[in-house]
file structure-v8.tsv (TSV, C-alpha atoms)
chain	number	residue	atom	x	y	z
A	1	MET	CA	0.00	0.00	0.00
A	2	GLY	CA	1.62	3.24	-1.13
A	3	PHE	CA	0.93	6.83	-0.25
A	4	ASP	CA	-0.21	9.46	-2.72
A	5	THR	CA	2.62	11.83	-3.48
A	6	ASN	CA	1.28	14.69	-1.42
A	7	GLU	CA	-0.27	12.61	1.32
A	8	PRO	CA	2.65	12.76	3.77
A	9	GLU	CA	2.81	16.53	3.51
A	10	GLN	CA	-0.94	16.93	3.88
A	11	ARG	CA	-0.85	14.67	6.92
A	12	ARG	CA	2.08	16.52	8.46
A	13	LYS	CA	0.34	19.86	8.08
A	14	LEU	CA	-2.92	18.52	9.46
A	15	ARG	CA	-1.00	17.22	12.45
A	16	ALA	CA	0.72	20.60	12.91
A	17	ALA	CA	-2.62	22.41	12.70
A	18	ILE	CA	-4.40	20.27	15.28
A	19	ASP	CA	-1.40	20.31	17.58
A	20	ALA	CA	-1.19	24.10	17.40
A	21	GLY	CA	-4.93	24.40	17.95
A	22	ASP	CA	-4.88	21.85	20.77
A	23	ILE	CA	-7.57	19.73	19.14
A	24	ASN	CA	-7.73	16.18	20.38
A	25	ILE	CA	-8.17	13.32	17.95
A	26	GLY	CA	-11.48	12.20	19.46
A	27	ASN	CA	-13.05	15.60	18.82
A	28	LEU	CA	-11.50	15.84	15.37
A	29	TRP	CA	-12.87	12.45	14.46
A	30	LEU	CA	-16.36	13.17	15.78
A	31	TYR	CA	-16.55	16.38	13.73
A	32	TYR	CA	-15.15	14.62	10.67
A	33	PHE	CA	-17.74	11.87	11.15
A	34	SER	CA	-20.45	14.50	11.45
A	35	ILE	CA	-19.62	15.95	8.02
A	36	GLY	CA	-19.77	12.57	6.34
A	37	GLY	CA	-16.31	11.08	6.91
A	38	SER	CA	-16.35	7.33	6.67
A	39	VAL	CA	-13.01	6.25	8.16
A	40	GLY	CA	-13.16	4.97	11.76
A	41	GLU	CA	-11.59	6.77	14.70
A	42	TYR	CA	-8.96	4.08	15.13
A	43	GLU	CA	-7.90	4.39	11.48
A	44	VAL	CA	-7.82	8.18	11.66
A	45	GLU	CA	-5.46	7.88	14.59
A	46	ALA	CA	-3.30	5.47	12.60
A	47	TYR	CA	-3.37	7.82	9.60
A	48	LEU	CA	-2.21	10.73	11.74
A	49	GLN	CA	0.68	8.59	12.93
A	50	GLY	CA	1.60	7.85	9.31
A	51	MET	CA	0.83	4.17	9.61
A	52	ILE	CA	-1.90	3.88	7.00
A	53	SER	CA	-3.02	5.67	3.87
A	54	ILE	CA	-6.58	6.98	3.46
A	55	PRO	CA	-8.37	8.27	0.31
A	56	GLU	CA	-8.01	11.87	-0.80
A	57	LEU	CA	-11.65	12.69	-0.08
A	58	GLU	CA	-11.29	11.50	3.50
A	59	ARG	CA	-8.09	13.52	3.93
A	60	ASP	CA	-9.88	16.62	2.67
A	61	LEU	CA	-12.81	16.01	5.01
A	62	LEU	CA	-10.34	15.72	7.90
A	63	ALA	CA	-8.74	18.99	6.80
A	64	MET	CA	-12.16	20.66	6.73
A	65	ALA	CA	-13.01	19.25	10.15
A	66	ALA	CA	-9.75	20.60	11.57
A	67	ASN	CA	-10.21	24.01	9.96
A	68	ASP	CA	-13.80	24.31	11.19
A	69	LEU	CA	-12.72	23.38	14.70
A	70	LEU	CA	-9.75	25.76	14.54
A	71	ASN	CA	-12.21	28.52	13.65
A	72	ASN	CA	-9.54	30.98	12.40
A	73	HIS	CA	-7.49	30.86	15.56
A	74	GLY	CA	-4.51	32.36	13.71
A	75	GLY	CA	-2.28	29.31	13.76
A	76	PRO	CA	-1.52	27.02	10.82
A	77	ARG	CA	-4.53	25.60	8.99
A	78	ALA	CA	-4.88	22.17	7.43
A	79	PRO	CA	-4.38	22.20	3.65
A	80	TYR	CA	-6.67	20.47	1.13
A	81	SER	CA	-5.13	18.12	-1.38
A	82	ASP	CA	-5.51	20.57	-4.28
A	83	GLU	CA	-3.55	23.17	-2.32
A	84	LEU	CA	-0.47	21.00	-2.32
A	85	PRO	CA	1.97	20.67	-5.24
A	86	GLU	CA	1.23	17.69	-7.48
A	87	ASP	CA	4.75	16.32	-7.45
A	88	GLY	CA	4.85	16.14	-3.69
A	89	SER	CA	8.04	18.15	-3.36
A	90	PRO	CA	8.12	19.80	0.04
A	91	THR	CA	7.03	23.40	0.04
A	92	SER	CA	7.81	26.13	2.50
A	93	GLU	CA	5.30	26.95	5.22
A	94	ASP	CA	1.70	27.75	4.43
A	95	PRO	CA	1.13	31.33	3.30
B	1	MET	CA	1.06	-26.74	25.64
B	2	THR	CA	-1.12	-24.96	23.14
B	3	LYS	CA	0.83	-22.85	20.70
B	4	LYS	CA	-2.13	-21.47	18.81
B	5	GLN	CA	-1.94	-17.72	18.98
B	6	LEU	CA	-4.56	-15.25	17.93
B	7	PRO	CA	-3.09	-12.25	16.12
B	8	LEU	CA	-3.77	-8.96	17.85
B	9	ASP	CA	-5.07	-7.47	14.61
B	10	GLU	CA	-7.84	-10.00	14.51
B	11	LEU	CA	-8.69	-9.23	18.10
B	12	SER	CA	-8.72	-5.49	17.49
B	13	THR	CA	-10.92	-6.01	14.46
B	14	ALA	CA	-13.32	-8.16	16.43
B	15	ILE	CA	-13.63	-5.58	19.17
B	16	GLY	CA	-13.74	-2.77	16.63
B	17	ARG	CA	-16.66	-4.40	14.92
B	18	ILE	CA	-18.44	-4.65	18.23
B	19	LEU	CA	-17.60	-0.98	18.83
B	20	GLY	CA	-19.45	-0.05	15.67
B	21	LEU	CA	-22.72	-1.33	17.05
B	22	LEU	CA	-24.90	0.40	19.52
B	23	LEU	CA	-23.18	-0.31	22.76
B	24	THR	CA	-25.19	-1.82	25.51
B	25	GLU	CA	-23.78	-3.33	28.65
B	26	GLU	CA	-24.50	-6.70	27.15
B	27	LYS	CA	-22.30	-5.95	24.16
B	28	VAL	CA	-19.43	-4.70	26.29
B	29	ASP	CA	-19.66	-7.93	28.23
B	30	HIS	CA	-19.52	-9.79	24.96
B	31	ALA	CA	-16.37	-7.92	23.87
B	32	VAL	CA	-14.77	-8.64	27.20
B	33	GLN	CA	-15.79	-12.27	26.83
B	34	SER	CA	-14.15	-12.56	23.38
B	35	LEU	CA	-11.03	-10.94	24.72
B	36	SER	CA	-10.84	-13.47	27.56
B	37	GLN	CA	-11.11	-16.29	25.08
B	38	ALA	CA	-8.35	-14.85	22.89
B	39	ILE	CA	-6.04	-14.45	25.86
B	40	ARG	CA	-6.65	-17.98	27.03
B	41	GLU	CA	-5.82	-19.33	23.56
B	42	SER	CA	-2.66	-17.27	23.38
B	43	VAL	CA	-1.04	-17.94	26.73
B	44	PRO	CA	0.33	-21.48	26.97
B	45	GLY	CA	-0.44	-23.50	30.10
B	46	THR	CA	-3.53	-21.48	30.98
B	47	ILE	CA	-6.68	-23.09	32.37
B	48	GLY	CA	-8.65	-19.93	32.41
B	49	ALA	CA	-8.48	-16.24	31.55
B	50	GLY	CA	-10.58	-13.28	32.50
B	51	VAL	CA	-11.03	-9.57	31.99
B	52	SER	CA	-12.54	-7.18	34.51
B	53	ILE	CA	-13.49	-3.58	33.90
B	54	LEU	CA	-13.60	-1.59	37.12
B	55	ASP	CA	-14.94	1.81	38.03
B	56	SER	CA	-12.90	4.32	40.01
B	57	GLN	CA	-13.95	2.70	43.31
B	58	GLY	CA	-12.71	-0.71	42.23
B	59	ARG	CA	-16.22	-2.05	41.63
B	60	ARG	CA	-16.63	-4.29	38.65
B	61	THR	CA	-18.75	-2.92	35.83
B	62	SER	CA	-18.07	-5.66	33.26
B	63	ARG	CA	-16.42	-8.99	33.28
B	64	GLY	CA	-15.58	-11.84	31.01
B	65	PHE	CA	-14.11	-15.21	31.82
B	66	THR	CA	-13.48	-18.46	30.02
B	67	ASP	CA	-13.97	-21.01	32.79
B	68	THR	CA	-15.81	-21.43	36.06
B	69	VAL	CA	-12.47	-21.53	37.90
B	70	VAL	CA	-11.88	-17.94	36.82
B	71	GLU	CA	-15.43	-16.97	37.70
B	72	GLN	CA	-15.05	-18.34	41.22
B	73	ALA	CA	-11.56	-16.94	41.80
B	74	ASP	CA	-12.64	-13.52	40.56
B	75	PHE	CA	-15.86	-13.53	42.51
B	76	LEU	CA	-13.89	-14.17	45.71
B	77	GLN	CA	-11.41	-11.48	44.82
B	78	TYR	CA	-14.03	-8.78	44.48
B	79	GLN	CA	-16.00	-10.04	47.46
B	80	LEU	CA	-12.95	-10.03	49.73
B	81	GLY	CA	-11.54	-6.87	48.19
B	82	GLU	CA	-8.10	-8.33	47.67
B	83	GLY	CA	-6.24	-10.36	45.07
B	84	PRO	CA	-3.76	-10.07	42.22
B	85	CYS	CA	-6.13	-8.32	39.79
B	86	LEU	CA	-7.11	-5.67	42.28
B	87	THR	CA	-3.42	-5.18	43.03
B	88	ALA	CA	-2.60	-4.92	39.31
B	89	TRP	CA	-5.46	-2.47	38.83
B	90	ALA	CA	-4.53	-0.34	41.84
B	91	SER	CA	-0.74	-0.40	41.41
B	92	GLU	CA	-0.97	-0.07	37.62
B	93	GLU	CA	1.68	-2.75	37.27
B	94	THR	CA	1.70	-6.35	36.16
B	95	VAL	CA	1.47	-8.82	39.04
B	96	LEU	CA	3.24	-12.16	38.60
B	97	VAL	CA	2.68	-15.03	41.05
B	98	HIS	CA	4.79	-18.17	40.63
B	99	ASP	CA	3.25	-20.15	43.45
B	100	LEU	CA	0.21	-18.96	45.38
B	101	SER	CA	0.97	-21.17	48.38
B	102	ALA	CA	4.24	-19.29	48.85
B	103	ASP	CA	2.79	-15.84	48.32
B	104	PHE	CA	1.42	-13.91	51.28
B	105	ARG	CA	0.17	-10.72	49.71
B	106	TRP	CA	-3.53	-11.71	49.77
B	107	PRO	CA	-4.01	-14.06	52.76
B	108	GLU	CA	-7.83	-14.16	52.73
B	109	TRP	CA	-8.14	-14.64	49.00
B	110	THR	CA	-5.35	-17.25	48.88
B	111	ALA	CA	-7.09	-19.22	51.62
B	112	ALA	CA	-10.45	-18.91	49.88
B	113	VAL	CA	-9.14	-20.24	46.55
B	114	SER	CA	-7.01	-23.03	48.03
B	115	ASP	CA	-9.53	-25.63	46.80
B	116	LEU	CA	-9.40	-24.32	43.24
B	117	PRO	CA	-6.77	-25.59	40.76
B	118	ILE	CA	-4.89	-22.30	40.76
B	119	THR	CA	-1.16	-22.07	41.43
B	120	SER	CA	0.30	-19.48	39.08
B	121	VAL	CA	-1.35	-16.19	38.30
B	122	ILE	CA	-0.47	-13.25	36.17
B	123	SER	CA	-2.52	-10.07	35.98
B	124	THR	CA	-1.95	-6.92	33.94
B	125	PRO	CA	-3.74	-3.61	34.34
B	126	LEU	CA	-5.77	-2.20	31.45
B	127	MET	CA	-4.39	1.31	31.06
B	128	ALA	CA	-6.18	3.83	28.86
B	129	GLY	CA	-5.38	7.52	28.74
B	130	GLY	CA	-3.22	7.23	31.85
B	131	GLN	CA	-6.04	5.65	33.82
B	132	SER	CA	-6.39	2.12	35.05
B	133	ILE	CA	-9.77	0.83	33.86
B	134	GLY	CA	-9.45	-2.81	34.88
B	135	ALA	CA	-7.25	-5.86	34.61
B	136	ILE	CA	-6.78	-8.99	32.57
B	137	LYS	CA	-5.56	-12.20	34.16
B	138	VAL	CA	-4.65	-15.79	33.45
B	139	TYR	CA	-4.57	-18.71	35.86
B	140	SER	CA	-2.59	-21.94	35.68
B	141	PRO	CA	-2.70	-25.09	37.83
B	142	GLU	CA	1.10	-25.49	37.51
B	143	SER	CA	3.59	-23.57	39.59
B	144	SER	CA	5.88	-21.14	37.76
B	145	ALA	CA	3.80	-21.49	34.61
B	146	TYR	CA	4.39	-17.85	33.73
B	147	ASP	CA	7.44	-15.68	33.41
B	148	ALA	CA	8.50	-12.24	32.18
B	149	ALA	CA	7.78	-13.27	28.58
B	150	THR	CA	4.19	-14.13	29.53
B	151	ALA	CA	3.94	-10.76	31.23
B	152	ASN	CA	5.08	-9.08	28.01
B	153	LEU	CA	2.54	-11.02	25.99
B	154	LEU	CA	-0.27	-10.08	28.33
B	155	GLU	CA	0.83	-6.45	28.23
B	156	LEU	CA	0.72	-6.61	24.43
B	157	PHE	CA	-2.92	-7.61	24.71
B	158	ALA	CA	-3.67	-5.03	27.35
B	159	THR	CA	-2.61	-1.94	25.42
B	160	PRO	CA	-4.97	-2.07	22.41
B	161	ALA	CA	-7.70	-3.76	24.43
B	162	ALA	CA	-7.69	-0.98	27.02
B	163	THR	CA	-7.88	1.67	24.33
B	164	LEU	CA	-10.82	-0.02	22.68
B	165	LEU	CA	-12.59	-0.82	25.93
B	166	SER	CA	-12.21	2.74	27.17
B	167	HIS	CA	-13.90	3.88	23.97
B	168	ILE	CA	-16.75	1.54	24.69
B	169	GLN	CA	-17.10	2.99	28.14
B	170	SER	CA	-16.97	6.58	27.02
B	171	VAL	CA	-19.52	5.95	24.29
B	172	GLU	CA	-21.74	4.52	26.98
B	173	THR	CA	-21.46	7.63	29.07
B	174	PRO	CA	-24.96	9.04	28.69
B	175	LYS	CA	-23.83	12.64	28.43
B	176	ARG	CA	-21.49	12.00	25.53
B	177	ILE	CA	-23.94	9.84	23.65
B	178	SER	CA	-26.84	12.23	24.10
B	179	GLU	CA	-25.01	15.43	23.18
B	180	GLY	CA	-21.94	14.96	21.02
B	181	LEU	CA	-22.96	11.87	19.17
B	182	GLN	CA	-26.55	12.88	18.64
B	183	SER	CA	-25.66	16.16	17.01
B	184	ALA	CA	-22.92	14.45	14.99
B	185	LEU	CA	-25.45	11.92	13.74
B	186	HIS	CA	-27.91	14.66	12.89
B	187	SER	CA	-25.28	16.57	10.93
B	188	ARG	CA	-24.03	13.47	9.16
B	189	ASP	CA	-27.57	12.58	8.20
B	190	LEU	CA	-28.06	16.04	6.70
B	191	VAL	CA	-24.83	15.81	4.69
B	192	ASN	CA	-25.75	12.35	3.44
B	193	ARG	CA	-29.21	13.46	2.40
B	194	ALA	CA	-27.68	16.33	0.43
B	195	CYS	CA	-25.29	13.83	-1.19
B	196	GLY	CA	-28.25	11.65	-2.12
B	197	ILE	CA	-29.99	14.57	-3.82
B	198	LEU	CA	-26.85	15.38	-5.85
B	199	MET	CA	-26.36	11.73	-6.74
B	200	GLU	CA	-29.85	11.52	-8.13
B	201	ARG	CA	-29.72	14.92	-9.80
B	202	HIS	CA	-26.39	14.37	-11.58
B	203	GLN	CA	-26.21	10.59	-11.73
B	204	ILE	CA	-22.94	10.57	-9.82
B	205	PRO	CA	-21.56	8.25	-7.14
B	206	HIS	CA	-21.54	9.16	-3.46
B	207	GLU	CA	-17.84	10.15	-3.31
B	208	VAL	CA	-18.21	12.57	-6.21
B	209	ALA	CA	-21.28	14.12	-4.61
B	210	LEU	CA	-19.44	14.61	-1.32
B	211	GLN	CA	-16.47	16.04	-3.21
B	212	ARG	CA	-18.72	18.59	-4.89
B	213	LEU	CA	-20.27	19.56	-1.57
B	214	LEU	CA	-16.80	20.05	-0.16
B	215	LYS	CA	-15.72	22.17	-3.10
B	216	HIS	CA	-18.88	24.30	-2.96
B	217	THR	CA	-18.39	24.81	0.78
B	218	ARG	CA	-14.81	25.97	0.28
B	219	ASP	CA	-15.65	28.22	-2.66
B	220	HIS	CA	-18.38	29.93	-0.65
B	221	ARG	CA	-16.51	29.89	2.66
B	222	SER	CA	-19.53	28.23	4.13
B	223	SER	CA	-19.91	25.11	6.24
B	224	LEU	CA	-20.72	21.67	4.93
B	225	GLN	CA	-23.79	21.58	7.15
B	226	ALA	CA	-25.11	24.91	5.85
B	227	VAL	CA	-24.55	23.93	2.23
B	228	SER	CA	-26.22	20.57	2.83
B	229	ALA	CA	-29.16	22.21	4.56
B	230	GLU	CA	-29.66	24.51	1.57
B	231	ILE	CA	-29.63	21.62	-0.86
B	232	VAL	CA	-32.03	19.61	1.24
B	233	ALA	CA	-34.29	22.65	1.46
B	234	GLY	CA	-34.09	22.91	-2.33
B	235	ILE	CA	-32.68	26.43	-2.56
B	236	PRO	CA	-29.68	26.54	-4.93
B	237	ALA	CA	-30.81	23.88	-7.34
B	238	ASP	CA	-28.65	25.31	-10.11
B	239	GLN	CA	-25.34	25.64	-8.34
B	240	ASN	CA	-24.37	22.06	-7.94

call {"tool": "encode", "arguments": {"input": "structure-v8.tsv", "output": "structure tokens"}}
result
Amino acid sequence: MGFDTNEPEQRRKLRAAIDAGDINIGNLWLYYFSIGGSVGEYEVEAYLQGMISIPELERDLLAMAANDLLNNHGGPRAPYSDELPEDGSPTSEDP
Amino acid sequence: MTKKQLPLDELSTAIGRILGLLLTEEKVDHAVQSLSQAIRESVPGTIGAGVSILDSQGRRTSRGFTDTVVEQADFLQYQLGEGPCLTAWASEETVLVHDLSADFRWPEWTAAVSDLPITSVISTPLMAGGQSIGAIKVYSPESSAYDAATANLLELFATPAATLLSHIQSVETPKRISEGLQSALHSRDLVNRACGILMERHQIPHEVALQRLLKHTRDHRSSLQAVSAEIVAGIPADQN
């Protein structure tokens, strides 16, 4: 099972966003579930630890969940997959 | 000695599946029961295994056991308020007993179980989120049946099991289920209904519908719930 090229970066930035916003995984998952996410809490935890790969749509729903919960707190936000470079080369920090 | 070992993945999956159902006390007991069985199968020389979930006062809220020997030994433990599992739970450390007749930590319990075929015991606390939520234990009729390797094995079981079991407990907490989960279910239902409308309208699969909702939400700096509510209410029929 491989990762999409930009998946590691998207995951890293999601992680950074929820850490900065002090969002716990349980709350992130519940919100993600509430907007239609279909990956279980256990798998989301594993995804955040880089252990498994999840589909792009689910990654984007997680990003939206994090951003909604962050509610413009001023820290880093979670990027959507189309905001990352296609080739997966690491970019500098979010604008 | 039985060498058949149940992979932890399979165990986690089994409990995870149970987690997905509506969780009643009966179902938690069933999960705990399956876990006991898996532990018994995995630890060589064991005549019985058990799992106890305790509340903060050390009262049992759920239990599972594989054999009547375990049922009796555990019953006496909780009745007398002493024994290896309670020690493991309270001290948050694995308790290893090579020979009960030479161990004097629980005099009343040891005396009470002297008629039962129990000589070696090992018990490991179930730790979740820094809290001890119970203990798992195995009993053997032989002396020195268990060693540090058995302790490691039991601890391997305890870690994922405790995480899963603590989820079961928190889902059962009435407050969490009535507030957080109920509103999450309501919101999810709304989003899925909106997806269904788009699927029908554009003859697209569910994922594509959800993707479009997501895109529309981002483009309009709205929320997925608000966009879904509009679609369900039939307002922007042209925009999707």

call {"tool": "interface_residues", "arguments": {"input": "structure-v8.tsv", "of": "chain A", "to": "chain B", "cutoff": "8 Å", "atoms": "all atoms listed in the file", "output": "number ranges by chain"}}
result
A: 30-31, 33-36, 57, 61, 68

call {"tool": "atom_distance", "arguments": {"input": "structure-v8.tsv", "atom1": "atom CA of B:Pro84", "atom2": "atom CA of B:Arg105"}}
result
8.5 Å

call {"tool": "residues_around", "arguments": {"input": "structure-v8.tsv", "residues": "stretch 127-139 of chain B", "least_positions_apart": "6", "cutoff": "9 Å", "atoms": "only C-alpha atoms", "output": "PyMOL selection string"}}
result
chain B and resi 36+39-40+43+45-56+58+60+69-70+84-86+88-92+117-121+145+154+157-166

call {"tool": "atom_distance", "arguments": {"input": "structure-v8.tsv", "atom1": "atom CA of B:Arg221", "atom2": "atom CA of A:Glu45"}}
result
27.4 Å

call {"tool": "atom_distance", "arguments": {"input": "structure-v8.tsv", "atom1": "atom CA of A:Asn67", "atom2": "atom CA of A:Phe3"}}
result
22.9 Å

call {"tool": "residues_around", "arguments": {"input": "structure-v8.tsv", "residues": "B:Glu108", "least_positions_apart": "2", "cutoff": "10 Å", "atoms": "all atoms listed in the file", "output": "PDB file with C-alpha atoms, in the frame of the given file"}}
result
ATOM      1  CA  LEU B  76     -13.890 -14.170  45.710  1.00  0.00           C
ATOM      2  CA  GLN B  77     -11.410 -11.480  44.820  1.00  0.00           C
ATOM      3  CA  LEU B  80     -12.950 -10.030  49.730  1.00  0.00           C
ATOM      4  CA  GLY B  81     -11.540  -6.870  48.190  1.00  0.00           C
ATOM      5  CA  GLU B  82      -8.100  -8.330  47.670  1.00  0.00           C
ATOM      6  CA  GLY B  83      -6.240 -10.360  45.070  1.00  0.00           C
ATOM      7  CA  PHE B 104       1.420 -13.910  51.280  1.00  0.00           C
ATOM      8  CA  ARG B 105       0.170 -10.720  49.710  1.00  0.00           C
ATOM      9  CA  TRP B 106      -3.530 -11.710  49.770  1.00  0.00           C
ATOM     10  CA  THR B 110      -5.350 -17.250  48.880  1.00  0.00           C
ATOM     11  CA  ALA B 111      -7.090 -19.220  51.620  1.00  0.00           C
ATOM     12  CA  ALA B 112     -10.450 -18.910  49.880  1.00  0.00           C
ATOM     13  CA  VAL B 113      -9.140 -20.240  46.550  1.00  0.00           C
TER      14      VAL B 113
END

call {"tool": "closest_residue", "arguments": {"input": "structure-v8.tsv", "among": "A:Trp29, A:Gly21, A:Asn6, A:Glu56", "to": "A:Gly75", "atoms": "all atoms listed in the file"}}
result
A:Gly21

call {"tool": "residues_around", "arguments": {"input": "structure-v8.tsv", "residues": "A:Ile52", "least_positions_apart": "4", "cutoff": "12 Å", "atoms": "only C-alpha atoms", "output": "PyMOL selection string"}}
result
chain A and resi 1-4+7-8+11+39+42-48+59

call {"tool": "axis_aligned_box", "arguments": {"input": "structure-v8.tsv", "around": "stretch 123-135 of chain B", "padding_each_side": "4 Å", "output": "lines of an AutoDock Vina configuration file"}}
result
center_x = -5.9
center_y = -1.3
center_z = 32.4
size_x = 15.8
size_y = 25.6
size_z = 15.2
